[in-house]
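Raw contents of run-v9.cif, mmCIF, C-alpha atoms (C1' of nucleotides):
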```cif
data_coords
loop_
_atom_site.label_atom_id
_atom_site.label_comp_id
_atom_site.auth_asym_id
_atom_site.auth_seq_id
_atom_site.Cartn_x
_atom_site.Cartn_y
_atom_site.Cartn_z
CA MET A 29 8.85 14.40 2.18
CA PRO A 30 7.61 14.67 -1.35
CA GLU A 31 10.45 15.85 -3.59
CA LEU A 32 10.68 15.79 -7.38
CA PRO A 33 10.43 11.97 -7.77
CA GLU A 34 7.48 11.71 -5.39
CA VAL A 35 5.52 14.58 -6.95
CA GLU A 36 6.28 13.23 -10.42
CA THR A 37 5.08 9.76 -9.34
CA ILE A 38 1.82 11.27 -8.14
CA ARG A 39 1.45 13.36 -11.31
CA VAL A 40 1.89 10.36 -13.60
CA GLY A 41 -0.40 8.25 -11.43
CA LEU A 42 -3.14 10.84 -11.25
CA GLN A 43 -3.21 11.99 -14.83
CA LYS A 44 -4.70 8.80 -16.23
CA TYR A 45 -7.56 9.00 -13.72
CA LEU A 46 -8.18 12.74 -13.55
CA ILE A 47 -7.96 13.93 -17.13
CA GLY A 48 -11.45 14.24 -18.59
CA ARG A 49 -13.19 14.28 -15.23
CA LYS A 50 -15.36 17.13 -14.04
CA ILE A 51 -15.20 18.53 -10.50
CA ILE A 52 -18.75 18.42 -9.16
CA ASP A 53 -18.15 19.31 -5.51
CA ILE A 54 -15.40 20.21 -3.03
CA LYS A 55 -15.63 19.57 0.68
CA ILE A 56 -13.29 21.79 2.69
CA ARG A 57 -12.69 20.42 6.17
CA VAL A 58 -9.61 22.51 7.02
CA ALA A 59 -10.13 26.00 5.63
CA LYS A 60 -6.53 27.27 5.69
CA ILE A 61 -5.38 24.58 3.23
CA PHE A 62 -7.77 25.63 0.44
CA VAL A 63 -6.99 29.14 -0.78
CA GLY A 64 -9.45 30.78 -3.17
CA LYS A 65 -13.08 30.29 -4.15
CA LYS A 66 -14.18 26.72 -4.78
CA GLU A 67 -16.97 28.09 -7.00
CA ASP A 68 -14.28 29.03 -9.54
CA VAL A 69 -13.43 25.37 -10.15
CA ILE A 70 -16.65 23.46 -9.46
CA GLY A 71 -18.14 22.48 -12.82
CA ALA A 72 -14.78 22.62 -14.60
CA LYS A 73 -13.17 19.65 -16.32
CA ILE A 74 -9.57 18.56 -15.64
CA VAL A 75 -7.55 18.73 -18.87
CA ASN A 76 -3.90 18.29 -17.81
CA LEU A 77 -1.51 17.76 -14.91
CA ARG A 78 1.85 19.50 -14.75
CA ARG A 79 4.67 19.63 -12.23
CA ILE A 80 6.97 22.54 -11.51
CA GLY A 81 9.59 21.64 -8.92
CA LYS A 82 7.70 20.12 -6.00
CA GLY A 83 4.51 21.87 -7.07
CA LEU A 84 1.64 20.15 -8.89
CA ILE A 85 -0.71 21.98 -11.24
CA ILE A 86 -4.13 20.64 -12.13
CA GLU A 87 -5.23 22.45 -15.29
CA LEU A 88 -8.93 23.01 -15.88
CA ASP A 89 -10.97 23.79 -19.00
CA ASN A 90 -11.91 27.23 -17.70
CA ASN A 91 -9.70 30.17 -16.69
CA PHE A 92 -8.34 28.48 -13.58
CA VAL A 93 -5.88 25.90 -12.33
CA LEU A 94 -5.52 24.21 -8.97
CA ALA A 95 -1.95 24.61 -7.69
CA VAL A 96 -1.00 22.06 -5.03
CA HIS A 97 1.98 21.83 -2.67
CA LEU A 98 2.25 18.72 -0.50
CA LYS A 99 5.01 20.15 1.71
CA MET A 100 5.98 17.49 4.29
CA THR A 101 3.07 15.12 4.64
CA GLY A 102 0.55 15.96 1.94
CA GLN A 103 -1.10 13.21 -0.13
CA LEU A 104 -3.36 13.24 -3.20
CA ILE A 105 -5.25 9.98 -3.52
CA TYR A 106 -7.74 8.98 -6.19
CA ARG A 107 -10.58 6.54 -5.51
CA ASP A 108 -13.44 5.22 -7.57
CA ALA A 109 -15.52 2.06 -7.70
CA LYS A 110 -12.68 0.16 -9.40
CA SER A 111 -9.96 1.21 -6.97
CA GLU A 112 -12.03 0.68 -3.84
CA ASN A 113 -10.39 -2.65 -3.10
CA ILE A 114 -6.82 -1.41 -3.40
CA LYS A 115 -5.27 -1.55 0.06
CA LEU A 116 -4.38 1.85 1.45
CA SER A 117 -1.12 2.46 3.30
CA PRO A 118 -1.62 3.17 7.03
CA LYS A 119 0.17 6.45 6.28
CA THR A 120 -3.12 7.68 4.82
CA GLY A 121 -4.52 7.82 8.36
CA GLY A 122 -6.69 4.72 8.28
CA THR A 123 -7.89 1.83 6.15
CA THR A 124 -10.58 3.75 4.31
CA LEU A 125 -11.04 7.22 2.90
CA PRO A 126 -11.88 9.82 3.97
CA SER A 127 -9.49 9.40 6.92
CA LYS A 128 -8.77 11.71 9.82
CA TYR A 129 -6.18 13.41 7.57
CA SER A 130 -8.54 14.00 4.61
CA HIS A 131 -8.85 17.78 4.80
CA ILE A 132 -10.06 18.53 1.26
CA ILE A 133 -12.28 16.17 -0.72
CA PHE A 134 -13.01 16.60 -4.43
CA LYS A 135 -16.02 14.81 -5.86
CA LEU A 136 -15.57 14.03 -9.54
CA LYS A 137 -17.75 12.84 -12.38
CA ASN A 138 -16.54 10.97 -15.41
CA GLN A 139 -17.69 13.09 -18.33
CA LYS A 140 -16.11 10.80 -20.88
CA SER A 141 -18.71 8.09 -20.50
CA ASN A 142 -22.30 8.33 -21.59
CA LEU A 143 -25.12 7.46 -19.23
CA LYS A 144 -25.25 3.81 -20.24
CA ASN A 145 -21.56 3.33 -19.52
CA ASP A 146 -21.21 5.68 -16.57
CA GLU A 147 -18.30 4.78 -14.29
CA GLY A 148 -19.96 6.77 -11.56
CA ASP A 149 -18.56 9.22 -9.06
CA ALA A 150 -14.94 9.36 -8.08
CA TYR A 151 -13.06 11.17 -5.35
CA LEU A 152 -9.74 12.93 -4.99
CA TYR A 153 -8.62 13.20 -1.37
CA TYR A 154 -6.11 15.72 -0.13
CA ASN A 155 -4.67 14.26 3.10
CA ASP A 156 -2.09 16.05 5.25
CA LEU A 157 -1.03 15.00 8.73
CA ARG A 158 0.91 18.17 9.52
CA ARG A 159 -1.30 20.53 7.50
CA PHE A 160 1.64 22.41 5.99
CA GLY A 161 0.47 21.99 2.41
CA TRP A 162 -1.90 24.07 0.32
CA ILE A 163 -4.27 23.97 -2.62
CA ARG A 164 -4.75 27.30 -4.38
CA VAL A 165 -7.27 28.34 -7.01
CA VAL A 166 -5.22 30.45 -9.42
CA ARG A 167 -6.14 32.22 -12.66
CA LYS A 168 -4.17 30.70 -15.54
CA ASP A 169 -2.56 34.00 -16.45
CA GLU A 170 -1.43 34.53 -12.86
CA LEU A 171 0.10 31.13 -12.08
CA MET A 172 3.58 32.08 -13.23
CA LYS A 173 3.34 35.36 -11.34
CA MET A 174 3.25 33.45 -8.06
CA PRO A 175 6.73 33.77 -6.51
CA PHE A 176 6.87 30.03 -5.81
CA PHE A 177 6.54 29.16 -9.52
CA LYS A 178 8.11 32.28 -11.01
CA GLU A 179 11.33 31.88 -9.03
CA MET A 180 11.65 28.10 -9.43
CA GLY A 181 15.13 27.11 -10.58
CA PRO A 182 15.91 24.69 -13.44
CA GLU A 183 15.15 21.03 -12.77
CA PRO A 184 17.20 17.84 -12.87
CA PHE A 185 14.51 15.74 -14.44
CA VAL A 186 15.90 12.48 -15.79
CA GLY A 187 13.53 12.27 -18.72
CA LEU A 188 15.03 15.40 -20.20
CA LYS A 189 18.75 14.91 -19.70
CA PRO A 190 20.24 15.63 -23.13
CA SER A 191 23.32 13.44 -22.65
CA SER A 192 21.16 10.40 -21.87
CA GLY A 193 20.58 10.16 -25.61
CA LEU A 194 16.90 9.63 -25.02
CA LYS A 195 14.40 11.82 -26.79
CA PRO A 196 12.05 13.18 -24.16
CA SER A 197 8.49 12.13 -24.80
CA SER A 198 5.78 14.72 -25.03
CA GLY A 199 4.55 13.53 -21.65
CA LEU A 200 7.90 14.29 -20.06
CA ARG A 201 8.07 17.62 -21.80
CA SER A 202 4.69 18.63 -20.46
CA SER A 203 5.81 18.15 -16.89
CA ALA A 204 9.03 20.14 -17.09
CA SER A 205 9.57 22.52 -19.92
CA ALA A 206 12.85 22.12 -21.79
CA SER A 207 13.77 25.76 -21.15
CA ASN A 208 13.73 25.01 -17.45
CA PHE A 209 15.97 21.97 -17.64
CA LEU A 210 19.09 21.91 -15.47
CA THR A 211 21.91 21.60 -17.98
CA LEU A 212 25.49 20.94 -16.93
CA ASN A 213 26.38 24.52 -17.84
CA LEU A 214 23.58 25.96 -15.72
CA PHE A 215 24.60 23.69 -12.86
CA LYS A 216 28.22 24.87 -13.14
CA ASN A 217 27.12 28.51 -13.04
CA ILE A 218 25.00 27.87 -9.93
CA VAL A 219 27.71 26.00 -8.02
CA GLU A 220 30.92 27.75 -9.11
CA GLY A 221 30.43 31.19 -7.66
CA SER A 222 28.49 30.23 -4.55
CA ASN A 223 29.58 30.96 -1.03
CA VAL A 224 26.88 28.61 0.33
CA SER A 225 27.55 25.05 1.49
CA ILE A 226 26.81 22.66 -1.35
CA LYS A 227 24.01 20.78 0.42
CA PRO A 228 21.75 23.75 1.26
CA LEU A 229 22.63 25.04 -2.20
CA LEU A 230 21.21 21.90 -3.86
CA MET A 231 18.04 22.30 -1.80
CA ASP A 232 17.48 25.97 -2.64
CA GLN A 233 14.44 25.82 -4.93
CA LYS A 234 15.20 29.21 -6.43
CA ARG A 235 18.51 27.89 -7.75
CA ILE A 236 17.58 24.26 -8.52
CA GLY A 237 14.00 23.00 -8.57
CA GLY A 238 12.85 19.76 -6.98
CA ILE A 239 15.71 18.54 -4.76
CA GLY A 240 14.93 18.06 -1.05
CA ASN A 241 16.79 16.60 1.87
CA ILE A 242 16.78 12.92 0.88
CA TYR A 243 18.22 13.36 -2.61
CA ALA A 244 20.66 16.12 -1.61
CA ASN A 245 22.18 13.75 0.96
CA ASP A 246 22.31 10.76 -1.37
CA ALA A 247 23.63 12.69 -4.39
CA LEU A 248 26.51 14.13 -2.34
CA PHE A 249 27.42 10.65 -1.10
CA GLU A 250 27.28 9.26 -4.64
CA ALA A 251 29.61 12.07 -5.79
CA LYS A 252 31.87 11.64 -2.70
CA ILE A 253 31.57 15.31 -1.74
CA ASP A 254 31.44 16.63 1.83
CA PRO A 255 28.04 18.39 2.26
CA ARG A 256 29.69 21.24 4.21
CA ARG A 257 31.95 22.40 1.38
CA LYS A 258 31.08 25.68 -0.26
CA GLY A 259 30.03 25.59 -3.91
CA LYS A 260 32.98 27.66 -5.07
CA THR A 261 35.49 25.10 -3.70
CA LEU A 262 34.29 22.29 -5.99
CA SER A 263 36.52 21.34 -8.91
CA ASP A 264 35.15 20.94 -12.44
CA GLU A 265 35.41 17.18 -12.07
CA GLU A 266 33.49 17.24 -8.78
CA ILE A 267 30.77 19.41 -10.32
CA ASN A 268 30.47 16.94 -13.21
CA ASN A 269 30.26 14.01 -10.80
CA LEU A 270 27.67 15.73 -8.65
CA TYR A 271 25.59 16.61 -11.71
CA ASP A 272 25.53 12.96 -12.76
CA ALA A 273 24.86 11.82 -9.17
CA ILE A 274 21.77 14.05 -8.88
CA PHE A 275 20.24 12.50 -12.00
CA ALA A 276 21.21 9.00 -10.86
CA VAL A 277 19.49 9.23 -7.47
CA ILE A 278 16.37 10.85 -8.89
CA LYS A 279 16.14 8.19 -11.61
CA LYS A 280 16.61 5.43 -9.03
CA SER A 281 13.90 6.88 -6.81
CA LEU A 282 11.45 7.11 -9.72
CA GLU A 283 12.14 3.43 -10.44
CA TYR A 284 11.36 2.56 -6.81
CA GLY A 285 8.13 4.61 -6.93
CA GLY A 286 9.46 7.37 -4.66
CA SER A 287 10.43 7.42 -1.01
CA SER A 288 7.93 6.79 1.80
CA ASP A 289 10.27 7.56 4.69
CA GLU A 290 7.66 10.09 5.81
CA ASN A 291 4.07 10.09 4.62
CA PHE A 292 4.43 9.81 0.86
CA VAL A 293 1.93 7.58 -0.93
CA ASN A 294 1.17 7.47 -4.65
CA ALA A 295 -2.05 8.36 -6.44
CA LEU A 296 -3.67 5.12 -5.25
CA GLY A 297 -2.53 5.41 -1.62
CA GLN A 298 0.39 2.98 -1.89
CA GLU A 299 3.92 3.48 -0.54
CA GLY A 300 7.10 3.84 -2.57
CA ASN A 301 10.25 1.89 -1.80
CA TYR A 302 13.27 4.19 -2.20
CA GLN A 303 13.54 4.66 1.58
CA ASN A 304 14.83 1.08 1.77
CA HIS A 305 17.53 1.88 -0.78
CA THR A 306 18.88 5.25 0.37
CA LEU A 307 22.66 5.55 0.31
CA VAL A 308 23.04 7.61 3.50
CA TYR A 309 19.75 9.37 4.27
CA GLY A 310 18.29 8.12 7.56
CA ARG A 311 21.26 5.80 8.17
CA GLU A 312 23.04 7.40 11.13
CA GLY A 313 25.41 4.89 12.75
CA GLU A 314 24.98 2.30 10.00
CA PRO A 315 28.07 1.16 8.08
CA CYS A 316 28.87 3.12 4.91
CA LYS A 317 27.95 1.05 1.85
CA VAL A 318 31.45 1.65 0.44
CA CYS A 319 33.94 1.76 3.34
CA ARG A 320 31.92 0.32 6.26
CA ASN A 321 32.73 3.26 8.55
CA PRO A 322 29.66 4.58 10.41
CA ILE A 323 27.45 7.20 8.73
CA GLU A 324 27.37 10.44 10.69
CA LYS A 325 24.52 12.86 11.20
CA ILE A 326 25.09 16.59 11.59
CA LYS A 327 22.94 19.69 11.29
CA LEU A 328 23.58 21.88 8.26
CA GLY A 329 21.42 24.89 7.44
CA GLY A 330 19.05 23.68 10.16
CA ARG A 331 18.48 20.34 8.45
CA GLY A 332 19.53 16.81 9.33
CA THR A 333 22.50 15.89 7.17
CA TYR A 334 23.83 12.35 6.73
CA PHE A 335 27.24 11.60 5.26
CA CYS A 336 30.27 9.32 5.35
CA PRO A 337 33.21 11.36 6.71
CA SER A 338 35.78 9.06 5.14
CA CYS A 339 34.26 8.72 1.64
CA GLN A 340 33.00 12.29 1.29
CA ARG A 341 35.81 14.86 1.07
"C1'" DC B 10 21.75 41.52 -1.21
"C1'" DA B 11 22.98 37.16 0.94
"C1'" DG B 12 22.75 34.33 4.62
"C1'" DT B 13 20.32 32.66 8.88
"C1'" DA B 14 16.55 31.79 12.41
"C1'" DC B 15 11.99 30.86 13.21
"C1'" DG B 16 6.98 29.53 12.72
"C1'" DC B 17 3.76 26.57 10.85
"C1'" DC B 18 1.93 21.44 12.52
"C1'" DT B 19 1.33 16.65 14.58
"C1'" DG B 20 2.88 11.98 15.67
"C1'" DG B 21 6.60 9.39 17.37
"C1'" DT B 22 9.93 8.77 20.72
"C1'" DA B 23 13.58 9.70 24.25
"C1'" DG B 24 14.02 10.72 28.96
"C1'" DC B 25 12.42 11.13 33.56
"C1'" DT C 8 2.99 4.02 33.15
"C1'" DG C 9 2.23 8.81 32.04
"C1'" DC C 10 3.94 13.02 31.44
"C1'" DT C 11 6.95 16.54 29.09
"C1'" DA C 12 10.31 17.99 25.69
"C1'" DC C 13 11.97 17.66 21.50
"C1'" DC C 14 12.52 16.29 16.68
"C1'" DA C 15 11.23 15.70 11.65
"C1'" DG C 16 11.55 19.64 7.46
"C1'" DG C 17 9.68 22.89 2.83
"C1'" DC C 18 9.00 27.30 2.46
"C1'" DG C 19 7.51 32.11 3.66
"C1'" DT C 20 8.76 35.71 6.57
"C1'" DA C 21 11.59 38.49 9.44
"C1'" DC C 22 15.82 39.48 10.88
"C1'" DT C 23 21.09 40.36 10.84
#
```
Take the structure in the file and write it out as structure tokens.
Amino acid sequence: MPELPEVETIRVGLQKYLIGRKIIDIKIRVAKIFVGKKEDVIGAKIVNLRRIGKGLIIELDNNFVLAVHLKMTGQLIYRDAKSENIKLSPKTGGTTLPSKYSHIIFKLKNQKSNLKNDEGDAYLYYNDLRRFGWIRVVRKDELMKMPFFKEMGPEPFVGLKPSSGLKPSSGLRSSASASNFLTLNLFKNIVEGSNVSIKPLLMDQKRIGGIGNIYANDALFEAKIDPRRKGKTLSDEEINNLYDAIFAVIKKSLEYGGSSDENFVNALGQEGNYQNHTLVYGREGEPCKVCRNPIEKIKLGGRGTYFCPSCQR
DNA sequence: CAGTACGCCTGGTAGC
DNA sequence: TGCTACCAGGCGTACT
């Protein structure tokens, strides 16, 4: 399921292909996924790509943006003459695009080249096996009025962690504004007073943006904290450890190109590799990487939850 | 208000 | 083998 690292991987992958291109047509095969009037964006040029939590925003040179949520199985894949030979993951629904899962198809023109050096048409495919995702045409001044974006909590984005000593690049800044960065103090405030179990708390997008089931499970293992404990029972030291663990797992996933346990593929239709390096997620019955006792799976807040009962207290 | 249950959706798989 | 039942889960909605 695309979480912060997966959406960020797609954003970075897409921006070098999409920026400067003009949308010349949109084919809508599944109507419920595309919300709004396609006429509002046809003819517009793509000027920037941003990410807010698990949401992706394609900014246009008119009054509109395209807001995209991939939910469980959504994919955004770019193709042009040069990328035609890149092998697609079977998770895209076939060996060529459009596939049976390609529900929205954007036709793009490269406006940067003159006629003599025209790179020709290009396509952006929105694929979605389970059809949970959406693409919305939104006026620029109304984007942050949408509850999904307006209520998004601060984000644990590695590129912006102040204590890392790294100066965030402008590219990193553009994808997650500094004012919306999850600082240790903000994290403490969120966790300290909460009567909710820590794992569903980490996944609540209104409190913290971008963490889903995979990274909530792995971060809690890394910090040696039982996922069932309520936020208010965590000590200062445990909160510190968990804060660091969240950044560590997200950073690791970005390095592996995201997790393709479900249907995630990057902007070119290729799989990530974090699913082969999870600490506990998807590893029921396997030996714990630290103590060798079997990983258990329980249900918490209606979601599959993996943990090591002897390491996580 | 905070917490919880359910619907959306399809492919994979366990069980008969 | 072929059928049914159930599971995966992000998020909006409805409910307690």
Evaluate the PyMOL selection byres ((chain B) within 7 of (chain A)) and report residues as a PDB file with C-alpha atoms (C1' of nucleotides), in the frame of the given file:
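That gives us part-v6.pdb:
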```
ATOM      1  C1'  DC B  17       3.760  26.570  10.850  1.00  0.00           C
ATOM      2  C1'  DC B  18       1.930  21.440  12.520  1.00  0.00           C
ATOM      3  C1'  DT B  19       1.330  16.650  14.580  1.00  0.00           C
TER       4       DT B  19
END
```
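For the pair CA of Ile267 in chain A and CA of Thr306 in chain A, the separation is 21.4 Å.
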Identify, on the basis of only C-alpha atoms (C1' of nucleotides), every residue whose closest approach to Leu94 in chain A does not exceed 6 Å; exclude the query and any residue fewer than 5 positions from it along the same chain; express the result as a PyMOL selection string. chain A and resi 85-86+164-165
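Running the PyMOL selection byres ((chain C) within 12 of (chain A)) on this file leaves DC14, DA15, DG16, DG17, DC18 and DG19 of chain C selected.
Atom pair CA of Ile38 in chain A / CA of Phe275 in chain A: separated by 18.9 Å.
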Once the PyMOL selection byres ((chain A and resi 35) around 10) is applied to the coordinates I shared, what remains selected? I want it as a ChimeraX atom specification. /A:29-34,36-41,78-84,97-98,103-104,238,282,286,292-295
With a distance cut-off of 12 Å and all atoms listed in the file, select the neighbouring residues of DC22 in chain C, excluding the residue or stretch itself and same-chain residues fewer than 6 positions from it, and output the selection as a tab-separated table (two decimals) with C-alpha atoms (C1' of nucleotides), in the frame of the given file.
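Below is the file that was written, part36.tsv:
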```
chain	number	residue	atom	x	y	z
B	12	DG	C1'	22.75	34.33	4.62
B	13	DT	C1'	20.32	32.66	8.88
B	14	DA	C1'	16.55	31.79	12.41
B	15	DC	C1'	11.99	30.86	13.21
```
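Reported to one decimal place, the separation of CA of Ile70 in chain A from CA of Glu179 in chain A is 29.2 Å.
For DG24 in chain B, the residues within 12 Å (counting only C-alpha atoms (C1' of nucleotides), excluding itself and residues fewer than 2 positions away along the chain) are DT22 of chain B; DC10, DT11, DA12 and DC13 of chain C.
These residues, each with an atom at most 8 Å from (-18.9, 7.1, -5.5) using only C-alpha atoms (C1' of nucleotides), are Asp108, Ala109, Gly148, Asp149, Ala150 and Tyr151 of chain A.
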Enclosing box along x, y and z for every listed atom of chain C, padded 5 Å each side, centre and size in Å, one decimal, as lines of an AutoDock Vina configuration file:
```
center_x = 11.7
center_y = 22.2
center_z = 17.8
size_x = 28.9
size_y = 46.3
size_z = 40.7
```
Kindly complete range 323-341 of chain A to N, CA and C atoms; the output should be written as a compact mmCIF listing (two decimals), in the coordinates of the input.
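What ended up in part.txt:
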```
# COMPACT_ATOMS: atom_id res chain seq x y z
N ILE A 323 28.02 5.96 9.28
CA ILE A 323 27.45 7.20 8.73
C ILE A 323 27.20 8.17 9.87
N GLU A 324 27.58 9.41 9.67
CA GLU A 324 27.37 10.44 10.69
C GLU A 324 26.19 11.33 10.34
N LYS A 325 25.60 11.88 11.40
CA LYS A 325 24.52 12.86 11.20
C LYS A 325 24.92 14.18 11.85
N ILE A 326 24.84 15.25 11.07
CA ILE A 326 25.09 16.59 11.59
C ILE A 326 23.93 17.48 11.19
N LYS A 327 23.95 18.73 11.68
CA LYS A 327 22.94 19.69 11.29
C LYS A 327 23.59 20.73 10.39
N LEU A 328 23.00 20.94 9.22
CA LEU A 328 23.58 21.88 8.26
C LEU A 328 22.43 22.71 7.69
N GLY A 329 22.52 24.03 7.88
CA GLY A 329 21.42 24.89 7.44
C GLY A 329 20.12 24.52 8.13
N GLY A 330 20.24 24.02 9.39
CA GLY A 330 19.05 23.68 10.16
C GLY A 330 18.42 22.36 9.80
N ARG A 331 19.07 21.60 8.91
CA ARG A 331 18.48 20.34 8.45
C ARG A 331 19.39 19.16 8.79
N GLY A 332 18.78 18.04 9.10
CA GLY A 332 19.53 16.81 9.33
C GLY A 332 20.33 16.45 8.09
N THR A 333 21.61 16.16 8.30
CA THR A 333 22.50 15.89 7.17
C THR A 333 23.29 14.62 7.44
N TYR A 334 23.17 13.65 6.55
CA TYR A 334 23.83 12.35 6.73
C TYR A 334 24.97 12.24 5.73
N PHE A 335 26.13 11.76 6.19
CA PHE A 335 27.24 11.60 5.26
C PHE A 335 28.29 10.65 5.83
N CYS A 336 29.16 10.17 4.94
CA CYS A 336 30.27 9.32 5.35
C CYS A 336 31.53 10.18 5.39
N PRO A 337 32.06 10.45 6.59
CA PRO A 337 33.21 11.36 6.71
C PRO A 337 34.47 10.84 6.01
N SER A 338 34.56 9.54 5.80
CA SER A 338 35.78 9.06 5.14
C SER A 338 35.65 8.99 3.62
N CYS A 339 34.45 8.75 3.11
CA CYS A 339 34.26 8.72 1.64
C CYS A 339 34.04 10.12 1.06
N GLN A 340 33.39 10.98 1.84
CA GLN A 340 33.00 12.29 1.29
C GLN A 340 33.99 13.36 1.73
N ARG A 341 34.72 13.91 0.75
CA ARG A 341 35.81 14.86 1.07
C ARG A 341 35.55 16.23 0.49
```
